>>> print(open('start_26.cif').read())   # mmCIF, C-alpha atoms and all ligand atoms
data_final
#
loop_
_atom_site.label_atom_id
_atom_site.label_comp_id
_atom_site.auth_asym_id
_atom_site.auth_seq_id
_atom_site.Cartn_x
_atom_site.Cartn_y
_atom_site.Cartn_z
CA MET L 1 51.37 -42.45 5.48
CA LEU L 2 54.77 -42.08 7.07
CA ILE L 3 57.64 -43.06 4.80
CA LEU L 4 61.33 -43.56 5.56
CA ALA L 5 63.20 -42.76 2.34
CA ILE L 6 66.80 -43.62 1.46
CA ASP L 7 69.01 -42.33 -1.36
CA THR L 8 72.65 -43.35 -1.78
CA SER L 9 72.84 -42.98 -5.54
CA CYS L 10 76.00 -40.86 -5.62
CA ASP L 11 77.99 -39.09 -2.94
CA GLU L 12 75.35 -38.11 -0.39
CA THR L 13 74.13 -40.54 2.24
CA ALA L 14 70.56 -39.31 2.53
CA VAL L 15 67.61 -40.43 4.63
CA ALA L 16 64.31 -38.61 5.18
CA VAL L 17 60.98 -39.12 6.87
CA THR L 18 58.05 -37.81 4.84
CA SER L 19 54.29 -37.80 4.96
CA GLY L 20 52.77 -37.17 1.54
CA ARG L 21 54.61 -34.09 0.30
CA ARG L 22 55.50 -32.95 3.81
CA ILE L 23 59.11 -33.34 4.81
CA ILE L 24 59.28 -34.24 8.48
CA SER L 25 63.03 -34.75 8.59
CA ASN L 26 65.76 -34.73 5.99
CA VAL L 27 69.32 -35.74 6.82
CA ILE L 28 72.12 -35.53 4.27
CA TYR L 29 75.66 -36.64 5.04
CA SER L 30 77.71 -35.28 2.17
CA GLN L 31 80.89 -36.97 1.00
CA SER L 32 82.01 -34.07 -1.16
CA LEU L 33 85.07 -33.34 0.99
CA LEU L 34 86.12 -36.95 0.63
CA HIS L 35 86.00 -36.83 -3.17
CA LYS L 36 87.24 -33.27 -3.57
CA LYS L 37 90.90 -34.10 -3.92
CA TRP L 38 90.12 -36.58 -6.71
CA GLY L 39 88.12 -33.99 -8.66
CA GLY L 40 85.09 -36.28 -8.88
CA VAL L 41 83.30 -39.13 -7.14
CA VAL L 42 85.34 -42.31 -6.58
CA PRO L 43 82.81 -45.21 -6.44
CA SER L 44 84.74 -47.46 -4.04
CA LEU L 45 85.25 -44.59 -1.59
CA ALA L 46 81.59 -43.63 -1.92
CA LYS L 47 80.48 -47.18 -1.12
CA ARG L 48 82.61 -47.39 1.98
CA ALA L 49 81.53 -43.99 3.24
CA HIS L 50 77.84 -44.87 2.70
CA GLU L 51 78.30 -48.11 4.60
CA GLU L 52 80.01 -46.36 7.49
CA ARG L 53 77.36 -43.65 7.79
CA ILE L 54 74.02 -45.11 6.77
CA ASP L 55 72.96 -46.39 10.20
CA TRP L 56 73.74 -43.06 11.81
CA VAL L 57 71.84 -41.19 9.08
CA VAL L 58 68.78 -43.47 9.46
CA ASP L 59 68.79 -43.00 13.25
CA GLU L 60 69.27 -39.27 12.98
CA SER L 61 66.43 -38.92 10.51
CA LEU L 62 64.04 -40.89 12.76
CA LYS L 63 65.18 -38.90 15.78
CA LYS L 64 64.67 -35.55 14.05
CA ALA L 65 61.20 -36.67 12.98
CA LYS L 66 60.52 -37.72 16.59
CA THR L 67 59.45 -41.14 15.41
CA ALA L 68 60.69 -44.73 15.32
CA MET L 69 60.76 -47.57 12.78
CA GLY L 70 57.70 -49.10 14.42
CA LYS L 71 55.63 -46.08 13.40
CA ILE L 72 56.89 -45.96 9.81
CA ASP L 73 54.40 -47.31 7.23
CA ALA L 74 56.80 -48.09 4.38
CA VAL L 75 60.44 -47.79 3.34
CA SER L 76 61.33 -46.27 -0.01
CA VAL L 77 64.66 -46.42 -1.75
CA THR L 78 66.38 -45.17 -4.89
CA TYR L 79 67.25 -48.18 -7.07
CA GLY L 80 68.70 -46.19 -10.01
CA PRO L 81 70.13 -44.39 -11.84
CA GLY L 82 73.43 -43.84 -10.07
CA LEU L 83 76.67 -45.51 -9.12
CA ALA L 84 76.15 -49.24 -8.79
CA MET L 85 78.30 -49.61 -5.71
CA ALA L 86 76.66 -46.67 -4.00
CA LEU L 87 73.05 -47.61 -4.86
CA GLU L 88 73.63 -51.04 -3.41
CA VAL L 89 74.26 -49.69 0.09
CA GLY L 90 70.87 -47.94 0.24
CA ILE L 91 69.04 -50.91 -1.27
CA ASN L 92 70.61 -53.31 1.24
CA LYS L 93 69.65 -51.04 4.11
CA ALA L 94 66.07 -50.79 2.81
CA LYS L 95 65.87 -54.59 2.57
CA GLU L 96 67.27 -55.01 6.06
CA LEU L 97 64.76 -52.56 7.55
CA SER L 98 61.94 -54.07 5.55
CA MET L 99 62.66 -57.55 6.89
CA LYS L 100 63.38 -56.53 10.44
CA TYR L 101 60.30 -54.34 10.84
CA ASN L 102 58.02 -55.99 8.31
CA LYS L 103 57.62 -52.93 6.06
CA LYS L 104 56.89 -52.81 2.37
CA ILE L 105 59.45 -51.23 0.04
CA ILE L 106 58.56 -48.59 -2.54
CA PRO L 107 61.16 -48.43 -5.33
CA VAL L 108 61.95 -44.96 -6.69
CA ASN L 109 63.89 -43.66 -9.68
CA HIS L 110 66.28 -40.88 -8.57
CA MET L 111 65.18 -38.65 -11.48
CA GLU L 112 61.52 -38.97 -10.50
CA GLY L 113 62.72 -37.59 -7.20
CA HIS L 114 64.24 -34.53 -8.88
CA ILE L 115 60.90 -33.89 -10.66
CA TYR L 116 58.81 -34.21 -7.48
CA SER L 117 61.31 -32.12 -5.51
CA CYS L 118 59.48 -29.10 -6.98
CA PHE L 119 56.45 -30.02 -4.88
CA GLY L 120 58.23 -30.60 -1.57
CA GLN L 121 56.66 -28.97 1.48
CA ASN L 122 57.92 -28.22 4.96
CA ARG L 123 56.38 -30.05 7.89
CA ASN L 124 53.55 -27.52 8.06
CA GLY L 125 52.54 -28.24 4.50
CA ASN L 126 53.97 -25.12 2.82
CA PRO L 127 54.18 -24.09 0.06
CA LYS L 128 50.71 -25.25 -0.94
CA LEU L 129 51.11 -25.90 -4.65
CA SER L 130 48.61 -28.05 -6.44
CA PHE L 131 49.37 -30.23 -9.43
CA ASN L 132 48.26 -28.97 -12.81
CA PHE L 133 49.32 -31.57 -15.39
CA PRO L 134 50.93 -31.81 -17.86
CA TYR L 135 54.32 -30.25 -17.11
CA LEU L 136 57.61 -29.96 -18.91
CA ALA L 137 60.41 -30.89 -16.53
CA LEU L 138 63.99 -29.76 -17.05
CA LEU L 139 66.30 -31.91 -14.95
CA ILE L 140 69.81 -30.59 -14.60
CA SER L 141 72.27 -32.30 -12.30
CA GLY L 142 75.81 -33.56 -12.20
CA GLY L 143 74.84 -36.86 -13.81
CA HIS L 144 71.85 -35.96 -15.96
CA THR L 145 70.36 -33.39 -18.27
CA GLU L 146 66.86 -34.25 -19.41
CA LEU L 147 63.72 -32.68 -20.75
CA VAL L 148 60.75 -34.73 -19.64
CA LEU L 149 57.05 -34.61 -20.34
CA PHE L 150 55.43 -35.19 -16.96
CA LYS L 151 51.95 -36.25 -18.01
CA ASN L 152 50.46 -37.32 -14.74
CA HIS L 153 51.57 -38.85 -11.45
CA ILE L 154 54.32 -41.43 -12.12
CA TYR L 155 53.85 -41.04 -15.86
CA TYR L 156 56.76 -39.62 -17.85
CA GLU L 157 58.07 -39.38 -21.38
CA ILE L 158 61.68 -38.38 -22.04
CA LEU L 159 61.77 -35.75 -24.79
CA GLY L 160 65.51 -35.18 -24.82
CA SER L 161 68.63 -35.95 -22.85
CA THR L 162 72.34 -35.42 -23.07
CA ILE L 163 74.27 -37.59 -25.47
CA ASP L 164 77.50 -37.11 -23.49
CA ASP L 165 78.21 -34.88 -20.47
CA ALA L 166 75.52 -33.48 -18.19
CA ALA L 167 75.17 -29.72 -17.63
CA GLY L 168 76.46 -29.91 -14.04
CA GLU L 169 79.28 -32.20 -15.12
CA ALA L 170 80.31 -29.67 -17.78
CA LEU L 171 80.37 -26.90 -15.15
CA ASP L 172 82.36 -29.15 -12.81
CA LYS L 173 84.90 -29.95 -15.53
CA ALA L 174 85.31 -26.32 -16.51
CA ALA L 175 85.83 -25.44 -12.85
CA LYS L 176 88.49 -28.11 -12.61
CA MET L 177 90.29 -26.69 -15.65
CA LEU L 178 90.23 -23.30 -13.96
CA ASP L 179 91.51 -24.81 -10.69
CA LEU L 180 88.35 -23.85 -8.85
CA GLY L 181 87.81 -27.20 -7.09
CA TYR L 182 84.93 -29.67 -7.06
CA PRO L 183 81.97 -29.44 -7.43
CA GLY L 184 82.20 -26.34 -9.54
CA GLY L 185 78.69 -25.07 -10.32
CA GLU L 186 78.34 -22.87 -7.28
CA VAL L 187 81.83 -21.31 -7.57
CA ILE L 188 81.24 -20.57 -11.23
CA GLU L 189 77.91 -18.94 -10.37
CA SER L 190 79.50 -16.59 -7.87
CA LEU L 191 82.53 -15.71 -10.04
CA ALA L 192 80.24 -15.06 -13.01
CA SER L 193 78.04 -12.75 -10.98
CA GLU L 194 81.09 -10.70 -10.03
CA VAL L 195 81.48 -9.80 -13.70
CA ASN L 196 77.75 -9.39 -14.24
CA ASN L 197 77.51 -12.71 -16.08
CA LYS L 198 79.42 -11.20 -18.96
CA ASP L 199 79.92 -13.36 -22.04
CA LEU L 200 83.35 -12.23 -23.18
CA TYR L 201 84.40 -15.29 -25.18
CA ASN L 202 81.22 -16.56 -26.80
CA PHE L 203 82.04 -20.28 -26.59
CA PRO L 204 80.05 -22.65 -28.83
CA ARG L 205 76.41 -23.45 -28.01
CA PRO L 206 76.33 -27.16 -28.72
CA MET L 207 73.52 -28.74 -30.75
CA ILE L 208 71.38 -25.65 -30.99
CA LYS L 209 71.21 -25.95 -34.76
CA LYS L 210 70.16 -29.62 -34.56
CA ASP L 211 66.48 -30.35 -34.77
CA THR L 212 66.33 -32.43 -31.61
CA LEU L 213 65.76 -31.86 -27.92
CA ASN L 214 68.94 -33.73 -27.02
CA PHE L 215 71.86 -31.96 -25.42
CA SER L 216 75.62 -32.31 -25.80
CA PHE L 217 78.25 -30.57 -23.72
CA SER L 218 81.44 -32.43 -24.48
CA GLY L 219 82.29 -30.31 -27.57
CA LEU L 220 81.97 -27.16 -25.49
CA LYS L 221 84.24 -28.68 -22.86
CA THR L 222 86.84 -29.56 -25.50
CA SER L 223 86.75 -26.13 -27.05
CA PHE L 224 87.15 -24.60 -23.59
CA TYR L 225 90.13 -26.88 -22.94
CA TYR L 226 91.92 -25.87 -26.15
CA PHE L 227 91.12 -22.24 -25.60
CA LEU L 228 92.73 -22.36 -22.16
CA LYS L 229 95.74 -24.18 -23.54
CA LYS L 230 96.23 -21.56 -26.20
CA GLU L 231 95.59 -18.56 -23.99
CA ASN L 232 97.50 -19.74 -20.96
CA LYS L 233 98.68 -16.31 -19.96
CA GLU L 234 95.27 -14.77 -20.16
CA LYS L 235 93.75 -17.52 -18.01
CA ALA L 236 95.14 -16.24 -14.75
CA GLU L 237 93.80 -12.76 -15.31
CA LYS L 238 90.45 -13.59 -16.74
CA VAL L 239 89.17 -16.47 -14.61
CA LYS L 240 85.89 -14.72 -13.84
CA GLU L 241 85.19 -13.88 -17.47
CA LEU L 242 86.11 -17.42 -18.51
CA ALA L 243 83.83 -18.95 -15.87
CA SER L 244 81.05 -16.57 -16.81
CA SER L 245 81.36 -17.16 -20.55
CA PHE L 246 81.40 -20.92 -20.06
CA GLN L 247 78.34 -20.78 -17.80
CA GLU L 248 76.58 -18.61 -20.38
CA ALA L 249 77.22 -21.17 -23.13
CA VAL L 250 75.81 -23.99 -20.95
CA PHE L 251 72.75 -21.98 -19.88
CA ASP L 252 72.04 -20.64 -23.35
CA THR L 253 71.94 -24.22 -24.59
CA LEU L 254 69.58 -25.27 -21.80
CA LEU L 255 67.33 -22.31 -22.52
CA PHE L 256 67.35 -22.90 -26.25
CA LYS L 257 66.25 -26.52 -25.94
CA THR L 258 63.67 -25.70 -23.30
CA LYS L 259 62.18 -23.04 -25.55
CA LYS L 260 62.04 -25.57 -28.36
CA ALA L 261 60.30 -28.07 -26.07
CA ILE L 262 57.70 -25.46 -25.05
CA GLU L 263 57.00 -24.73 -28.70
CA LEU L 264 56.80 -28.39 -29.69
CA THR L 265 54.59 -29.53 -26.83
CA LYS L 266 52.67 -26.25 -26.35
CA ILE L 267 53.16 -26.78 -22.63
CA ASN L 268 54.24 -23.63 -20.83
CA ARG L 269 54.27 -24.96 -17.25
CA LEU L 270 57.80 -25.86 -16.28
CA LEU L 271 59.40 -27.74 -13.41
CA VAL L 272 63.14 -27.43 -12.92
CA GLY L 273 65.08 -29.76 -10.62
CA GLY L 274 68.58 -31.07 -9.93
CA GLY L 275 71.69 -29.47 -8.45
CA VAL L 276 72.11 -26.87 -11.22
CA SER L 277 68.59 -25.55 -10.52
CA ALA L 278 70.04 -23.91 -7.40
CA ASN L 279 71.65 -21.34 -9.69
CA LEU L 280 69.84 -18.03 -9.19
CA TYR L 281 71.03 -16.52 -12.46
CA LEU L 282 69.66 -19.52 -14.36
CA ARG L 283 66.39 -19.19 -12.45
CA ARG L 284 66.05 -15.59 -13.64
CA LYS L 285 66.69 -16.64 -17.23
CA ILE L 286 64.11 -19.42 -17.03
CA ARG L 287 61.51 -17.12 -15.44
CA LYS L 288 62.02 -14.71 -18.32
CA LEU L 289 61.64 -17.52 -20.87
CA VAL L 290 58.37 -18.83 -19.45
CA GLY L 291 57.18 -15.24 -19.14
CA ASP L 292 57.61 -14.88 -22.90
CA TYR L 293 55.21 -17.82 -23.28
CA LYS L 294 52.83 -16.63 -20.54
CA GLY L 295 53.72 -19.72 -18.60
CA SER L 296 54.96 -20.53 -15.13
CA VAL L 297 57.86 -22.32 -13.53
CA ILE L 298 58.30 -24.16 -10.26
CA PHE L 299 61.74 -24.66 -8.71
CA PRO L 300 62.33 -26.64 -5.52
CA SER L 301 61.30 -24.34 -2.67
CA PHE L 302 64.22 -25.19 -0.42
CA LYS L 303 67.86 -25.26 -1.45
CA TYR L 304 68.40 -28.74 0.01
CA LEU L 305 65.79 -30.02 -2.43
CA THR L 306 67.82 -28.98 -5.49
CA GLY L 307 70.74 -31.32 -4.84
CA ASP L 308 70.58 -34.97 -3.91
CA ASN L 309 68.35 -35.76 -0.94
CA ALA L 310 66.02 -38.50 0.23
CA ALA L 311 62.99 -36.27 0.94
CA MET L 312 62.24 -36.12 -2.78
CA ILE L 313 62.34 -39.94 -2.88
CA GLY L 314 59.81 -40.14 -0.05
CA ILE L 315 57.52 -37.69 -1.84
CA VAL L 316 57.50 -39.81 -5.02
CA ALA L 317 56.91 -42.89 -2.87
CA SER L 318 53.70 -41.45 -1.44
CA TYR L 319 52.25 -41.18 -4.95
CA LYS L 320 53.48 -44.67 -5.84
CA ALA L 321 51.83 -46.08 -2.72
CA LYS L 322 48.51 -44.60 -3.91
CA LYS L 323 48.97 -46.57 -7.11
CA ASP L 324 49.88 -49.67 -5.12
CA ILE L 325 53.43 -49.71 -6.47
CA PHE L 326 55.44 -51.76 -3.98
CA VAL L 327 58.28 -54.25 -4.41
CA LYS L 328 56.58 -57.64 -4.63
CA ASP L 329 59.60 -59.82 -3.92
CA ILE L 330 62.35 -57.98 -2.11
CA ASN L 331 64.94 -60.56 -3.12
CA LYS L 332 64.42 -59.41 -6.69
CA LEU L 333 64.97 -55.71 -5.97
CA GLU L 334 68.29 -54.80 -7.54
CA ARG L 335 70.15 -51.67 -8.40
CA VAL L 336 69.74 -50.43 -11.97
CA PRO L 337 72.60 -47.96 -12.54
CA ARG L 338 71.27 -46.86 -15.94
CA LEU L 339 67.62 -46.83 -15.03
CA LYS L 340 65.54 -44.56 -17.28
CA LEU L 341 62.47 -42.61 -16.27
CA SER L 342 60.51 -44.41 -18.93
CA ASP L 343 61.26 -47.82 -17.42
CA SER L 344 60.30 -47.00 -13.86
CA TYR L 345 58.29 -49.41 -11.73
O1 LIG W 401 71.58 -33.08 -8.25
P1 LIG W 401 72.99 -33.06 -7.79
O2 LIG W 401 73.26 -32.62 -6.37
O3 LIG W 401 73.68 -34.43 -7.95
C1 LIG W 401 73.50 -35.27 -9.04
O4 LIG W 401 72.49 -36.02 -9.05
O5 LIG W 401 74.36 -35.19 -9.93
O6 LIG W 401 73.78 -32.09 -8.78
C2 LIG W 401 75.12 -31.77 -8.60
C3 LIG W 401 75.53 -30.77 -9.65
C4 LIG W 401 77.02 -30.51 -9.70
O7 LIG W 401 77.46 -30.63 -11.03
C5 LIG W 401 77.15 -29.08 -9.20
O8 LIG W 401 78.25 -28.38 -9.76
C6 LIG W 401 75.84 -28.49 -9.65
O9 LIG W 401 74.89 -29.51 -9.43
N1 LIG W 401 75.48 -27.29 -8.90
C7 LIG W 401 75.33 -26.07 -9.45
C8 LIG W 401 75.03 -25.18 -8.39
N2 LIG W 401 75.01 -25.89 -7.23
C9 LIG W 401 75.27 -27.18 -7.56
N3 LIG W 401 75.43 -25.66 -10.72
C10 LIG W 401 75.23 -24.35 -10.97
N4 LIG W 401 74.97 -23.44 -10.02
C11 LIG W 401 74.84 -23.80 -8.72
N5 LIG W 401 74.56 -22.89 -7.79
ZN ZN W 402 70.59 -36.09 -8.40
#
>>> encode(input="start_26.cif", output="structure tokens")
Amino acid sequence: MLILAIDTSCDETAVAVTSGRRIISNVIYSQSLLHKKWGGVVPSLAKRAHEERIDWVVDESLKKAKTAMGKIDAVSVTYGPGLAMALEVGINKAKELSMKYNKKIIPVNHMEGHIYSCFGQNRNGNPKLSFNFPYLALLISGGHTELVLFKNHIYYEILGSTIDDAAGEALDKAAKMLDLGYPGGEVIESLASEVNNKDLYNFPRPMIKKDTLNFSFSGLKTSFYYFLKKENKEKAEKVKELASSFQEAVFDTLLFKTKKAIELTKINRLLVGGGVSANLYLRRKIRKLVGDYKGSVIFPSFKYLTGDNAAMIGIVASYKAKKDIFVKDINKLERVPRLKLSDSY
């Protein structure tokens, strides 16, 4: 089944053509340069940029897949969570294509996409991983931080999530305070590695004493802010150590809660997705953790599958199609900016 998938949930205009887990084409038109000078995503700018680019991205994706709309079996689209104004552009495009070419629409939750991104394959069907349910999924992106019990295809239970900032958002905010630009996760990773990921300042590890799998990063951000204010002189000299210590506090917290989730659920098979999962230092830490529990971990096999993309949406859609999950009345398909994994279609 050939699927054309669309994701415009945040600041990437993304369209892919997929067949099952195989990614035939994957086109991402990033807006990050557009939002850079504002230090974060501006919804109205995102909407306009999506509108200007979506047709080109759809055409490019079909062209790269050497196919055409006539040969596509279904259209899938992210309908939440994300920025309302941005989601709308993708949904409208999906509806337009669905009507014009008489294709069914498969609705997908963006976070389901980040889970299934771990199983993405190239067009030759590699890597050949098989599913071995249940899994614990750690989803770490700029908008979300969640621990999810992935029981079976399209069947999830949220075990914990952030009560304020997401892990990636915390890294982005710290980078902003250090004048490192936006987004900040990747810069922080490379600065931290230059000082061997040293934890010089030992910033607070939020919520690790609380008996819950929820996360919180806003206290850490505040303490970082006041520390920088107080130590203004030191800041200029110790940017790498500051970045590294902040990253360590975020990752320690992620690791601590993941460990707790493994112990509570007795599940030692992990999936890790979302932009922050691109971080190689974090990957090493997680591999070590699952090793301690004789478990295993799967990260997205290709870097483009860690951040936002539409291929992961197409992959989910293929499993939804098997369960006959299609939009019944396309006029009723609407964006759900705060969509939860537990209330998916
Ligand atoms: O999944 P994603 O592309 O978009 C959202 O759905 O939010 O995640 C973006 C986040 C940003 O916060 C960015 O700083 C972070 O992922 N990120 C990283 C790395 N690359 C991207 N964080 C840590 N290390 C990285 N290498
Ligand atoms: Zn995302």
>>> residues_around(input="start_26.cif", residues="Phe119 (chain L)", least_positions_apart="6", cutoff="10 Å", atoms="all atoms listed in the file", output="PyMOL selection string")
chain L and resi 21-22+126-131+271+298-301+305+312+315-316
>>> residues_near_point(input="start_26.cif", point="(66.5, -35.0, -7.0)", cutoff="7 Å", atoms="only C-alpha atoms", output="PDB file with C-alpha atoms, in the frame of the given file")
ATOM      1  CA  HIS L 110      66.280 -40.880  -8.570  1.00  0.00           C
ATOM      2  CA  MET L 111      65.180 -38.650 -11.480  1.00  0.00           C
ATOM      3  CA  GLY L 113      62.720 -37.590  -7.200  1.00  0.00           C
ATOM      4  CA  HIS L 114      64.240 -34.530  -8.880  1.00  0.00           C
ATOM      5  CA  ILE L 115      60.900 -33.890 -10.660  1.00  0.00           C
ATOM      6  CA  SER L 117      61.310 -32.120  -5.510  1.00  0.00           C
ATOM      7  CA  GLY L 273      65.080 -29.760 -10.620  1.00  0.00           C
ATOM      8  CA  GLY L 274      68.580 -31.070  -9.930  1.00  0.00           C
ATOM      9  CA  LEU L 305      65.790 -30.020  -2.430  1.00  0.00           C
ATOM     10  CA  THR L 306      67.820 -28.980  -5.490  1.00  0.00           C
ATOM     11  CA  GLY L 307      70.740 -31.320  -4.840  1.00  0.00           C
ATOM     12  CA  ASP L 308      70.580 -34.970  -3.910  1.00  0.00           C
ATOM     13  CA  ASN L 309      68.350 -35.760  -0.940  1.00  0.00           C
ATOM     14  CA  MET L 312      62.240 -36.120  -2.780  1.00  0.00           C
TER      15      MET L 312
END
>>> residues_around(input="start_26.cif", residues="Thr265 (chain L)", least_positions_apart="5", cutoff="9 Å", atoms="only C-alpha atoms", output="VMD selection string")
chain L and resid 136 149 260
>>> residues_around(input="start_26.cif", residues="region 42-48 of chain L", least_positions_apart="5", cutoff="9 Å", atoms="only C-alpha atoms", output="list in words")
Thr8, Cys10, Asp11, Glu12, Gln31, Leu34, His35, Arg53, Leu83, Ala84, Met85, Ala86, Leu87, Glu88 and Val89 of chain L
>>> residues_near_ligand(input="start_26.cif", ligand="ligand LIG 401 (chain W)", cutoff="9 Å", atoms="only C-alpha atoms and all ligand atoms", output="JSON, numbers by chain")
{"L": [9, 10, 11, 12, 82, 110, 111, 114, 139, 140, 141, 142, 143, 144, 166, 167, 168, 169, 170, 171, 172, 173, 175, 182, 183, 184, 185, 186, 187, 188, 189, 190, 247, 273, 274, 275, 276, 277, 278, 279, 280, 281, 282, 304, 305, 306, 307, 308, 309]}
>>> atom_distance(input="start_26.cif", atom1="CA of Phe224 (chain L)", atom2="CA of Ala261 (chain L)")
27.2 Å
>>> residues_near_point(input="start_26.cif", point="(66.8, -23.4, -26.0)", cutoff="12 Å", atoms="only C-alpha atoms", output="ChimeraX atom specification")
/L:138,147,160,205-215,249-264,285-286,289-290
>>> closest_residue(input="start_26.cif", among="L:Asn232, L:Ser161, L:Asn109, L:Ser342", to="ligand ZN 402 (chain W)", atoms="all atoms listed in the file")
L:Asn109
